[in-house]
file input11.tsv (TSV, C-alpha atoms)
chain	number	residue	atom	x	y	z
A	14	MET	CA	0.00	0.00	0.00
A	15	ALA	CA	1.37	3.29	-0.99
A	16	SER	CA	2.16	5.68	1.77
A	17	GLN	CA	1.65	9.40	1.75
A	18	ARG	CA	4.96	11.19	2.13
A	19	SER	CA	5.31	14.84	2.65
A	20	GLY	CA	7.60	16.88	0.45
A	21	GLY	CA	9.81	17.55	3.45
A	22	GLU	CA	10.41	13.86	4.02
A	23	LEU	CA	11.36	13.32	0.40
A	24	ALA	CA	13.66	16.34	0.40
A	25	GLN	CA	15.36	14.91	3.47
A	26	ALA	CA	15.66	11.48	1.88
A	27	LEU	CA	17.09	13.04	-1.27
A	28	ALA	CA	19.66	14.98	0.72
A	29	VAL	CA	20.76	11.88	2.60
A	30	CYS	CA	20.78	9.58	-0.43
A	31	ARG	CA	22.21	12.02	-2.94
A	32	PRO	CA	25.83	10.83	-2.63
A	33	ALA	CA	24.80	7.23	-3.25
A	34	MET	CA	22.52	8.27	-6.12
A	35	ARG	CA	25.34	10.20	-7.73
A	36	ARG	CA	27.86	7.40	-7.32
A	37	PHE	CA	25.41	4.91	-8.77
A	38	ALA	CA	24.61	7.27	-11.65
A	39	TYR	CA	28.34	7.71	-12.21
A	40	THR	CA	28.75	3.97	-12.74
A	41	LEU	CA	25.85	3.87	-15.17
A	42	VAL	CA	26.40	6.92	-17.38
A	43	GLY	CA	29.88	8.11	-16.48
A	44	PRO	CA	31.12	11.45	-15.19
A	45	GLU	CA	29.64	13.53	-18.01
A	46	HIS	CA	25.99	12.74	-17.37
A	47	ALA	CA	25.89	11.58	-13.75
A	48	ASP	CA	24.61	14.86	-12.37
A	49	ASP	CA	21.94	15.15	-15.03
A	50	LEU	CA	20.76	11.64	-14.32
A	51	VAL	CA	20.54	12.35	-10.59
A	52	GLN	CA	18.61	15.53	-11.29
A	53	ASP	CA	16.30	13.65	-13.63
A	54	ALA	CA	15.74	10.93	-11.03
A	55	ALA	CA	15.11	13.48	-8.29
A	56	GLU	CA	12.44	15.17	-10.40
A	57	ARG	CA	10.88	11.80	-11.11
A	58	ALA	CA	10.92	10.88	-7.42
A	59	TRP	CA	9.27	14.17	-6.59
A	60	ARG	CA	6.46	13.51	-9.04
A	61	LYS	CA	6.04	9.88	-7.97
A	62	GLN	CA	6.57	10.28	-4.24
A	63	LYS	CA	3.14	8.89	-3.40
A	64	LEU	CA	4.18	5.57	-4.90
A	65	PHE	CA	6.91	5.02	-2.34
A	66	ASP	CA	6.04	2.18	-0.01
A	67	PRO	CA	8.40	1.92	3.00
A	68	THR	CA	7.25	-1.64	3.67
A	69	ARG	CA	8.87	-2.73	0.41
A	70	GLY	CA	12.30	-1.29	1.07
A	71	SER	CA	14.30	1.72	2.10
A	72	ALA	CA	13.97	5.19	0.58
A	73	GLN	CA	17.51	4.84	-0.71
A	74	ALA	CA	16.68	1.63	-2.57
A	75	TRP	CA	13.63	3.31	-4.08
A	76	LEU	CA	15.61	6.35	-5.21
A	77	LEU	CA	18.38	4.18	-6.65
A	78	ALA	CA	15.80	2.13	-8.53
A	79	ILE	CA	14.53	5.38	-10.06
A	80	VAL	CA	18.09	6.31	-11.07
A	81	ALA	CA	18.48	2.90	-12.73
A	82	ASP	CA	15.13	3.22	-14.47
A	83	ARG	CA	15.87	6.70	-15.78
A	84	ALA	CA	19.23	5.51	-17.08
A	85	ARG	CA	17.59	2.60	-18.83
A	86	GLN	CA	15.00	4.83	-20.44
A	87	ARG	CA	17.52	7.50	-21.33
A	88	TRP	CA	19.59	5.03	-23.31
A	89	ARG	CA	16.59	3.02	-24.48
A	90	ARG	CA	17.76	-0.21	-23.01
A	91	THR	CA	15.35	-2.99	-22.20
A	92	GLN	CA	17.66	-4.84	-19.85
A	93	PRO	CA	18.27	-3.60	-16.29
A	94	ALA	CA	20.65	-0.65	-16.16
A	95	TRP	CA	23.04	-2.32	-13.69
A	96	GLN	CA	24.03	-4.81	-16.39
A	97	GLU	CA	26.06	-2.08	-18.01
A	98	LEU	CA	29.05	-0.30	-16.58
A	99	HIS	CA	30.23	2.92	-18.14
A	100	PRO	CA	33.77	2.56	-19.55
A	101	GLU	CA	35.01	5.48	-17.43
A	102	ALA	CA	33.07	4.52	-14.35
A	103	LEU	CA	35.88	2.97	-12.32
A	104	VAL	CA	38.73	5.17	-13.50
A	105	ILE	CA	40.60	6.67	-10.54
A	106	PRO	CA	43.20	9.29	-11.54
A	107	GLU	CA	46.70	8.79	-10.18
A	108	SER	CA	45.87	5.40	-8.72
A	109	SER	CA	48.44	2.69	-8.10
A	110	VAL	CA	49.16	-0.09	-10.55
A	111	ALA	CA	47.53	-2.54	-8.16
A	112	ALA	CA	44.36	-0.45	-8.06
A	113	VAL	CA	44.30	-0.21	-11.85
A	114	ASP	CA	44.69	-3.98	-12.11
A	115	LEU	CA	41.94	-4.49	-9.58
A	116	THR	CA	39.43	-2.16	-11.28
A	117	ARG	CA	40.24	-3.73	-14.62
A	118	ALA	CA	39.61	-7.18	-13.18
A	119	VAL	CA	36.33	-5.96	-11.69
A	120	THR	CA	35.13	-4.75	-15.08
A	121	CYS	CA	35.84	-8.22	-16.51
A	122	LEU	CA	33.60	-10.02	-14.01
A	123	PRO	CA	30.24	-11.43	-15.11
A	124	ALA	CA	27.57	-8.72	-15.08
A	125	ARG	CA	25.79	-9.74	-11.87
A	126	GLN	CA	29.00	-10.27	-9.89
A	127	ARG	CA	30.41	-7.02	-11.22
A	128	ALA	CA	27.26	-5.16	-10.23
A	129	ALA	CA	27.37	-6.61	-6.73
A	130	VAL	CA	31.04	-5.63	-6.31
A	131	VAL	CA	30.58	-2.13	-7.72
A	132	LEU	CA	27.48	-1.44	-5.65
A	133	HIS	CA	28.94	-2.86	-2.43
A	134	TYR	CA	32.58	-1.81	-2.47
A	135	PHE	CA	32.48	1.28	-4.67
A	136	VAL	CA	29.02	2.84	-4.32
A	137	ASP	CA	29.04	1.62	-0.69
A	138	LEU	CA	25.50	0.32	-0.52
A	139	PRO	CA	24.21	-2.10	2.12
A	140	ILE	CA	23.45	-5.66	1.04
A	141	ALA	CA	19.68	-5.15	1.42
A	142	ASP	CA	19.64	-2.23	-1.03
A	143	ILE	CA	21.80	-4.12	-3.51
A	144	ALA	CA	19.43	-7.08	-3.31
A	145	GLU	CA	16.51	-4.81	-4.07
A	146	LEU	CA	18.29	-3.21	-7.01
A	147	LEU	CA	19.35	-6.52	-8.50
A	148	GLY	CA	15.99	-8.12	-7.78
A	149	CYS	CA	17.29	-11.00	-5.71
A	150	ALA	CA	17.63	-12.14	-2.10
A	151	PRO	CA	20.32	-10.68	0.19
A	152	GLY	CA	21.85	-14.14	0.45
A	153	THR	CA	22.26	-14.22	-3.30
A	154	VAL	CA	24.12	-10.91	-3.20
A	155	LYS	CA	26.47	-12.32	-0.56
A	156	SER	CA	27.01	-15.37	-2.72
A	157	GLN	CA	27.73	-13.19	-5.75
A	158	LEU	CA	30.23	-11.16	-3.74
A	159	HIS	CA	31.94	-14.33	-2.55
A	160	ASP	CA	32.17	-15.69	-6.08
A	161	ALA	CA	33.45	-12.34	-7.33
A	162	ARG	CA	36.19	-12.24	-4.69
A	163	MET	CA	37.25	-15.77	-5.67
A	164	ALA	CA	37.31	-14.79	-9.33
A	165	LEU	CA	39.32	-11.64	-8.59
A	166	GLU	CA	41.84	-13.60	-6.55
A	167	LYS	CA	42.24	-16.01	-9.39
A	168	ALA	CA	42.57	-13.23	-11.93
A	169	LEU	CA	45.04	-11.17	-9.93
A	170	GLY	CA	47.27	-13.91	-8.60
A	171	ASP	CA	48.44	-15.18	-5.23
A	172	SER	CA	49.29	-11.79	-3.77
A	173	TYR	CA	45.59	-11.13	-3.22
A	174	ALA	CA	44.83	-14.44	-1.54
A	175	ASN	CA	43.20	-14.46	1.84
A	176	ASP	CA	45.45	-14.65	4.86
B	16	MET	CA	49.18	-9.35	3.38
B	17	PRO	CA	45.96	-7.52	2.50
B	18	THR	CA	43.04	-9.67	1.45
B	19	ILE	CA	41.09	-9.09	-1.73
B	20	ASP	CA	38.33	-7.70	0.51
B	21	ASP	CA	40.77	-5.14	1.93
B	22	ARG	CA	41.94	-4.19	-1.55
B	23	LEU	CA	38.39	-3.72	-2.75
B	24	ARG	CA	37.52	-1.58	0.26
B	25	ASP	CA	40.60	0.60	-0.16
B	26	THR	CA	40.07	1.02	-3.89
B	27	GLY	CA	36.38	1.70	-3.35
B	28	GLN	CA	37.22	4.38	-0.81
B	29	ALA	CA	39.66	6.05	-3.22
B	30	TRP	CA	37.03	5.87	-5.96
B	31	ARG	CA	34.37	7.49	-3.74
B	32	GLU	CA	36.73	10.30	-2.80
B	33	HIS	CA	37.41	10.92	-6.49
B	34	VAL	CA	33.74	10.78	-7.49
B	35	ASP	CA	32.45	12.82	-4.55
B	36	ALA	CA	35.06	15.50	-5.16
B	37	GLY	CA	33.40	16.33	-8.46
B	38	ALA	CA	29.88	16.49	-7.06
B	39	PRO	CA	27.92	19.75	-7.13
B	40	GLN	CA	27.04	21.23	-3.76
B	41	ALA	CA	23.31	20.75	-4.07
B	42	ILE	CA	20.73	19.35	-6.41
B	43	ARG	CA	20.12	22.01	-8.99
B	44	PRO	CA	16.78	23.69	-9.58
B	45	SER	CA	14.43	21.60	-11.64
B	46	THR	CA	14.05	24.10	-14.46
B	47	ARG	CA	16.71	23.75	-17.08
B	48	ALA	CA	18.10	26.90	-18.61
B	49	ARG	CA	16.75	26.72	-22.11
B	50	PRO	CA	16.32	29.56	-24.58
B	51	SER	CA	12.78	30.75	-24.98
B	52	ARG	CA	10.66	29.60	-27.87
B	53	HIS	CA	10.73	33.20	-29.12
B	54	THR	CA	14.56	33.17	-29.20
B	55	ARG	CA	14.69	29.95	-31.14
B	56	ARG	CA	12.08	31.15	-33.62
B	57	THR	CA	13.97	34.39	-34.12
B	58	VAL	CA	17.20	32.59	-34.92
B	59	LEU	CA	15.43	30.20	-37.28
B	60	VAL	CA	13.71	33.06	-39.09
B	61	ALA	CA	17.04	34.87	-39.36
B	62	ALA	CA	18.64	31.78	-40.85
B	63	ALA	CA	15.83	31.41	-43.36
B	64	ALA	CA	16.06	35.06	-44.29
B	65	VAL	CA	19.75	34.72	-45.02
B	66	VAL	CA	19.04	31.83	-47.36
B	67	VAL	CA	16.29	33.70	-49.17
B	68	ALA	CA	18.47	36.77	-49.55
B	69	GLY	CA	21.17	34.64	-51.05
B	70	VAL	CA	23.79	35.98	-48.71
B	71	GLY	CA	25.34	32.59	-48.39
B	72	ILE	CA	24.56	29.07	-47.35
B	73	PRO	CA	27.47	28.75	-44.90
B	74	VAL	CA	26.20	31.65	-42.77
B	75	ALA	CA	22.69	30.24	-42.79
B	76	GLY	CA	24.05	26.85	-41.88
B	77	VAL	CA	25.80	28.19	-38.82
B	78	LEU	CA	22.69	30.04	-37.69
B	79	ALA	CA	20.45	27.07	-38.30
B	80	ARG	CA	22.79	24.75	-36.47
B	81	ARG	CA	22.91	27.10	-33.52
B	82	ALA	CA	19.13	27.23	-33.45
B	83	ALA	CA	18.92	23.47	-33.67
B	84	ASP	CA	21.42	23.05	-30.86
B	85	HIS	CA	19.39	25.38	-28.66
B	86	ASN	CA	16.29	23.50	-29.58
B	87	GLY	CA	17.87	20.27	-28.49
B	88	SER	CA	17.17	18.50	-31.75
B	89	SER	CA	20.04	18.77	-34.12
B	90	GLY	CA	18.62	16.39	-36.68
B	91	GLY	CA	21.59	14.07	-36.24
B	92	PHE	CA	21.44	10.79	-34.40
B	93	ALA	CA	23.92	9.49	-31.92
B	94	ALA	CA	24.72	5.80	-32.01
B	95	SER	CA	23.63	5.40	-28.41
B	96	CYS	CA	19.92	5.41	-29.28
B	97	ALA	CA	18.38	2.24	-30.57
B	98	GLY	CA	16.35	2.61	-33.76
B	99	PRO	CA	12.73	1.50	-34.02
B	100	GLN	CA	12.45	-2.26	-33.84
B	101	LEU	CA	9.71	-4.47	-35.23
B	102	GLN	CA	9.34	-8.17	-34.54
B	103	LEU	CA	6.83	-10.97	-34.49
B	104	ALA	CA	5.24	-11.44	-31.09
B	105	GLY	CA	6.99	-14.22	-29.27
B	106	GLU	CA	9.97	-14.22	-31.60
B	107	ARG	CA	13.47	-13.77	-30.29
B	108	GLU	CA	15.51	-10.62	-30.78
B	109	HIS	CA	16.95	-11.52	-34.19
B	110	PRO	CA	14.69	-14.13	-35.75
B	111	GLY	CA	15.25	-15.71	-39.11
B	112	ALA	CA	12.78	-15.19	-41.91
B	113	ALA	CA	9.43	-16.39	-40.61
B	114	VAL	CA	7.22	-18.50	-42.88
B	115	VAL	CA	3.61	-17.30	-43.01
B	116	ARG	CA	0.59	-18.15	-45.11
B	117	ALA	CA	-1.25	-15.67	-47.30
B	118	GLY	CA	-4.36	-14.67	-45.39
B	119	GLN	CA	-2.75	-15.44	-42.03
B	120	THR	CA	-3.04	-12.99	-39.16
B	121	LEU	CA	0.21	-12.12	-37.40
B	122	THR	CA	0.83	-10.32	-34.15
B	123	VAL	CA	3.75	-7.94	-34.30
B	124	THR	CA	5.35	-5.85	-31.61
B	125	GLY	CA	7.41	-2.71	-31.92
B	126	ARG	CA	9.51	-0.61	-29.62
B	127	PHE	CA	11.46	2.63	-29.66
B	128	TYR	CA	8.97	4.35	-31.97
B	129	LEU	CA	9.69	7.74	-30.49
B	130	ASP	CA	9.94	11.22	-31.93
B	131	SER	CA	13.38	12.05	-30.61
B	132	CYS	CA	16.57	10.54	-29.34
B	133	GLN	CA	17.24	11.55	-25.76
B	134	ASP	CA	20.96	10.98	-25.93
B	135	THR	CA	22.09	14.46	-25.01
B	136	ASN	CA	21.34	16.74	-22.14
B	137	HIS	CA	19.47	19.10	-24.47
B	138	ALA	CA	17.15	16.51	-25.94
B	139	PRO	CA	13.46	16.82	-25.08
B	140	GLU	CA	11.43	14.00	-23.59
B	141	PRO	CA	10.63	11.55	-26.42
B	142	HIS	CA	7.00	11.01	-27.39
B	143	PRO	CA	5.51	7.92	-29.05
B	144	LEU	CA	4.63	8.08	-32.72
B	145	THR	CA	1.88	6.84	-34.99
B	146	VAL	CA	3.15	3.84	-36.92
B	147	GLY	CA	1.96	2.57	-40.28
B	148	ILE	CA	2.66	-1.14	-40.81
B	149	SER	CA	3.11	-2.09	-44.46
B	150	LEU	CA	3.84	-5.20	-46.44
B	151	ARG	CA	6.38	-4.69	-49.18
B	152	GLY	CA	7.38	-7.08	-51.95
B	153	HIS	CA	6.86	-8.05	-55.55
B	154	GLY	CA	7.04	-4.41	-56.56
B	155	ARG	CA	4.21	-3.17	-54.38
B	156	THR	CA	3.60	-1.88	-50.91
B	157	VAL	CA	0.33	-2.35	-49.03
B	158	LEU	CA	-0.51	-0.51	-45.83
B	159	LEU	CA	-1.94	-3.12	-43.46
B	160	ARG	CA	-2.85	-0.92	-40.51
B	161	THR	CA	-1.88	2.07	-38.45
B	162	VAL	CA	-1.26	1.94	-34.72
B	163	ARG	CA	-0.24	4.38	-32.04
B	164	ALA	CA	2.89	3.56	-30.04
B	165	HIS	CA	2.76	4.35	-26.35
B	166	GLY	CA	4.84	4.75	-23.25
B	167	SER	CA	8.34	6.04	-22.72
B	168	LEU	CA	9.74	3.20	-24.81
B	169	GLY	CA	7.37	3.79	-27.73
B	170	THR	CA	5.99	0.27	-27.79
B	171	PHE	CA	2.98	-1.22	-29.57
B	172	ARG	CA	1.40	-4.59	-30.24
B	173	ALA	CA	-0.81	-5.09	-33.26
B	174	SER	CA	-2.41	-7.83	-35.30
B	175	VAL	CA	-1.99	-7.58	-39.07
B	176	ARG	CA	-3.40	-9.84	-41.77
B	177	ILE	CA	-1.36	-10.86	-44.78
B	178	PRO	CA	-3.61	-10.29	-47.82
B	179	ALA	CA	-5.04	-13.56	-49.10
B	180	ASP	CA	-3.93	-12.73	-52.63
B	181	TRP	CA	-0.35	-11.91	-51.67
B	182	PRO	CA	2.05	-13.83	-53.94
B	183	ALA	CA	4.27	-16.50	-52.46
B	184	GLY	CA	7.91	-15.64	-51.88
B	185	LYS	CA	10.08	-13.34	-49.88
B	186	THR	CA	8.53	-10.16	-48.56
B	187	THR	CA	9.12	-7.66	-45.79
B	188	LEU	CA	6.99	-6.06	-43.14
B	189	THR	CA	8.02	-2.44	-42.74
B	190	THR	CA	6.91	0.55	-40.74
B	191	ARG	CA	6.58	4.23	-41.40
B	192	THR	CA	5.97	6.79	-38.74
B	193	SER	CA	3.94	9.94	-38.74
B	194	GLY	CA	3.58	12.78	-36.31
B	195	ALA	CA	5.20	16.06	-35.52
B	196	GLN	CA	8.73	14.69	-35.45
B	197	ALA	CA	8.33	11.62	-37.65
B	198	ALA	CA	11.37	12.58	-39.67
B	199	VAL	CA	13.53	12.02	-36.61
B	200	ALA	CA	12.42	8.42	-36.24
B	201	GLU	CA	12.63	7.92	-39.99
B	202	GLY	CA	16.30	8.82	-39.84
B	203	LEU	CA	17.09	6.22	-37.24
B	204	PRO	CA	18.34	2.82	-38.33
B	205	ARG	CA	15.75	0.09	-38.57
B	206	GLN	CA	15.52	-3.44	-39.78
B	207	PRO	CA	12.40	-4.60	-41.61
B	208	LEU	CA	10.83	-7.86	-40.59
B	209	LYS	CA	11.62	-10.48	-43.22
B	210	LEU	CA	8.89	-12.95	-44.08
B	211	THR	CA	8.45	-15.78	-46.52
B	212	VAL	CA	4.87	-16.09	-47.72
B	213	VAL	CA	3.52	-19.46	-48.83
B	214	ASN	CA	0.15	-20.13	-50.40
call {"tool": "encode", "arguments": {"input": "input11.tsv", "output": "structure tokens"}}
result
Amino acid sequence: MASQRSGGELAQALAVCRPAMRRFAYTLVGPEHADDLVQDAAERAWRKQKLFDPTRGSAQAWLLAIVADRARQRWRRTQPAWQELHPEALVIPESSVAAVDLTRAVTCLPARQRAAVVLHYFVDLPIADIAELLGCAPGTVKSQLHDARMALEKALGDSYAND
Amino acid sequence: MPTIDDRLRDTGQAWREHVDAGAPQAIRPSTRARPSRHTRRTVLVAAAAVVVAGVGIPVAGVLARRAADHNGSSGGFAASCAGPQLQLAGEREHPGAAVVRAGQTLTVTGRFYLDSCQDTNHAPEPHPLTVGISLRGHGRTVLLRTVRAHGSLGTFRASVRIPADWPAGKTTLTTRTSGAQAAVAEGLPRQPLKLTVVN
């Protein structure tokens, strides 16, 4: 059942979630269009605020889902937006060779594992929000993260093995 | 020795610092700074006047391009937008030539029948178009029906009947769009639906 949210509550949620929205947008559309996508999503959220149902998930998950949906529509994709990662999304200027190797290995992961890693370690989202975005159970996200770590260890060599 | 988890956390932290450093201070006002309709019309009229006066096509071209840029619809198409797509209902993304019988009714679906390509920050919100579905082959084209696409993805689903007297052989199901900005969609790449008709 949809809840009635006041504009003040949404403004507060937007202020709190804006960093995560921008980081997520950055991974989807890159640095050039991230701010526009966040703005677009914020306008959409404002218009659709009555549709937010807190029993179905957090405000952050709802806002991130709107970001993903706006990205998908903007680029006319039918598949979920998280399946794509912008080529410049994980570029960190003046980073170490190890970090470059790691981000390159992350981009080579299967789409679902890559999305879980990017959303958890880079965008810094909680497991529950990632599960909602990817449309799966939290346990599945944990499993994807485990598999991704194994794959990264294998790809990067023994120096990254667990202690 | 750091674990892969540690490495990911450290790299993620560095990435967030880089990304957050470029963030604006606040969400910007919802109204985008766009030139008024009057301004755009004035520039377009000026460009047309230059052409009529024969002053020179290059000058008019620059003015027209500037007007188009302000309008958000330059007439060009970036590769990032998918063109209109037509397919048989239930078929996969890239089906082979389907075999149909003359007189048979087919259900076709379409998507991305929109009047603009929102691939730049200046592009307006796309609107669905009216789509004419035609059968082309053997030197003739027959309009089977016209439908209205809908939604933000410009989708439609329609039943069309292959004429009973349609000759056997290879033929194509094509679409044409109409509406205020039909020319935009017409310029986008598309792939007709290939059919083989049997009697």
call {"tool": "closest_atom_pairs", "arguments": {"input": "input11.tsv", "of": "chain A", "to": "chain B", "cutoff": "9 Å", "atoms": "only C-alpha atoms", "output": "tab-separated table"}}
result
residue	atom	partner	partner_atom	distance
A:Leu27	CA	B:Ile42	CA	8.9
A:Ala28	CA	B:Ala41	CA	8.3
A:Arg31	CA	B:Ile42	CA	8.2
A:Pro32	CA	B:Asp35	CA	7.2
A:Arg35	CA	B:Ala38	CA	7.8
A:Arg36	CA	B:Val34	CA	6.8
A:Tyr39	CA	B:Val34	CA	7.8
A:Pro44	CA	B:Val34	CA	8.2
A:His46	CA	B:Asn136	CA	7.8
A:Asp48	CA	B:Ala38	CA	7.7
A:Asp49	CA	B:Asn136	CA	7.3
A:Val51	CA	B:Ile42	CA	8.2
A:Gln52	CA	B:Ile42	CA	6.5
A:Asp53	CA	B:Ser45	CA	8.4
A:Ala55	CA	B:Ile42	CA	8.3
A:Glu56	CA	B:Ser45	CA	6.8
A:Gln86	CA	B:Leu168	CA	7.0
A:Arg87	CA	B:Gln133	CA	6.0
A:Trp88	CA	B:Cys96	CA	6.0
A:Arg89	CA	B:Cys96	CA	6.3
A:Arg90	CA	B:Ala97	CA	8.0
A:Thr91	CA	B:Leu168	CA	8.8
A:Leu103	CA	B:Trp30	CA	7.1
A:Val104	CA	B:Trp30	CA	7.8
A:Ile105	CA	B:Trp30	CA	5.9
A:Pro106	CA	B:His33	CA	7.9
A:Ser108	CA	B:Ala29	CA	8.3
A:Ala111	CA	B:Arg22	CA	8.8
A:Ala112	CA	B:Thr26	CA	6.2
A:Leu115	CA	B:Leu23	CA	7.7
A:Thr116	CA	B:Thr26	CA	8.1
A:Val130	CA	B:Leu23	CA	8.4
A:Val131	CA	B:Gly27	CA	8.2
A:His133	CA	B:Gly27	CA	8.8
A:Tyr134	CA	B:Gly27	CA	5.2
A:Phe135	CA	B:Gly27	CA	4.1
A:Val136	CA	B:Arg31	CA	7.1
A:Asp137	CA	B:Gly27	CA	7.8
A:Arg162	CA	B:Ile19	CA	6.5
A:Met163	CA	B:Ile19	CA	8.7
A:Leu165	CA	B:Ile19	CA	7.5
A:Glu166	CA	B:Ile19	CA	6.6
A:Ser172	CA	B:Met16	CA	7.6
A:Tyr173	CA	B:Ile19	CA	5.2
A:Ala174	CA	B:Thr18	CA	5.9
A:Asn175	CA	B:Thr18	CA	4.8
A:Asp176	CA	B:Thr18	CA	6.5
call {"tool": "residues_around", "arguments": {"input": "input11.tsv", "residues": "B:Trp181", "least_positions_apart": "3", "cutoff": "9 Å", "atoms": "only C-alpha atoms", "output": "ChimeraX atom specification"}}
result
/B:117-118,177-178,212-214
call {"tool": "atom_distance", "arguments": {"input": "input11.tsv", "atom1": "atom CA of B:Leu101", "atom2": "atom CA of B:Arg116"}}
result
19.2 Å
call {"tool": "closest_residue", "arguments": {"input": "input11.tsv", "among": "B:Ser131, B:Gln119, B:Thr124, B:Thr211", "to": "B:Gly152", "atoms": "only C-alpha atoms"}}
result
B:Thr211
call {"tool": "residues_around", "arguments": {"input": "input11.tsv", "residues": "A:Ala161", "least_positions_apart": "5", "cutoff": "8 Å", "atoms": "only C-alpha atoms", "output": "PyMOL selection string"}}
result
chain A and resi 122+126-127+130
call {"tool": "axis_aligned_box", "arguments": {"input": "input11.tsv", "around": "stretch 125-140 of chain A", "padding_each_side": "4 Å", "output": "AutoDock Vina command-line options"}}
result
--center_x 28.0 --center_y -3.7 --center_z -4.9 --size_x 17.1 --size_y 21.1 --size_z 22.0
call {"tool": "atom_distance", "arguments": {"input": "input11.tsv", "atom1": "atom CA of A:Ala102", "atom2": "atom CA of A:Ala74"}}
result
20.4 Å
call {"tool": "closest_residue", "arguments": {"input": "input11.tsv", "among": "A:Ala47, A:Val154, A:Trp59, A:Ala118", "to": "A:Met34", "atoms": "only C-alpha atoms"}}
result
A:Ala47
call {"tool": "closest_residue", "arguments": {"input": "input11.tsv", "among": "A:Ala168, A:Glu107, A:Ala124, A:Ala54", "to": "A:Pro93", "atoms": "only C-alpha atoms"}}
result
A:Ala124
call {"tool": "atom_distance", "arguments": {"input": "input11.tsv", "atom1": "atom CA of A:Leu98", "atom2": "atom CA of A:Leu169"}}
result
20.4 Å
call {"tool": "closest_residue", "arguments": {"input": "input11.tsv", "among": "B:Val146, B:Ala36, B:Leu158, B:Ala183", "to": "B:Thr170", "atoms": "all atoms listed in the file"}}
result
B:Val146
call {"tool": "closest_residue", "arguments": {"input": "input11.tsv", "among": "A:Leu146, A:Ala141, A:Leu158, A:Ala84", "to": "A:Val119", "atoms": "only C-alpha atoms"}}
result
A:Leu158
call {"tool": "residues_around", "arguments": {"input": "input11.tsv", "residues": "B:His153", "least_positions_apart": "2", "cutoff": "8 Å", "atoms": "all atoms listed in the file", "output": "mmCIF file with C-alpha atoms, keeping the file's coordinate frame"}}
result
data_model
loop_
_atom_site.group_PDB
_atom_site.id
_atom_site.type_symbol
_atom_site.label_atom_id
_atom_site.label_comp_id
_atom_site.auth_asym_id
_atom_site.auth_seq_id
_atom_site.Cartn_x
_atom_site.Cartn_y
_atom_site.Cartn_z
ATOM 1 C CA ARG B 151 6.380 -4.690 -49.180
ATOM 2 C CA ARG B 155 4.210 -3.170 -54.380
ATOM 3 C CA PRO B 182 2.050 -13.830 -53.940
ATOM 4 C CA THR B 186 8.530 -10.160 -48.560
#
call {"tool": "residues_around", "arguments": {"input": "input11.tsv", "residues": "B:Leu150", "least_positions_apart": "6", "cutoff": "10 Å", "atoms": "only C-alpha atoms", "output": "MDAnalysis selection string"}}
result
chainID B and resid 156:160 175:178 181 186:190 207:210
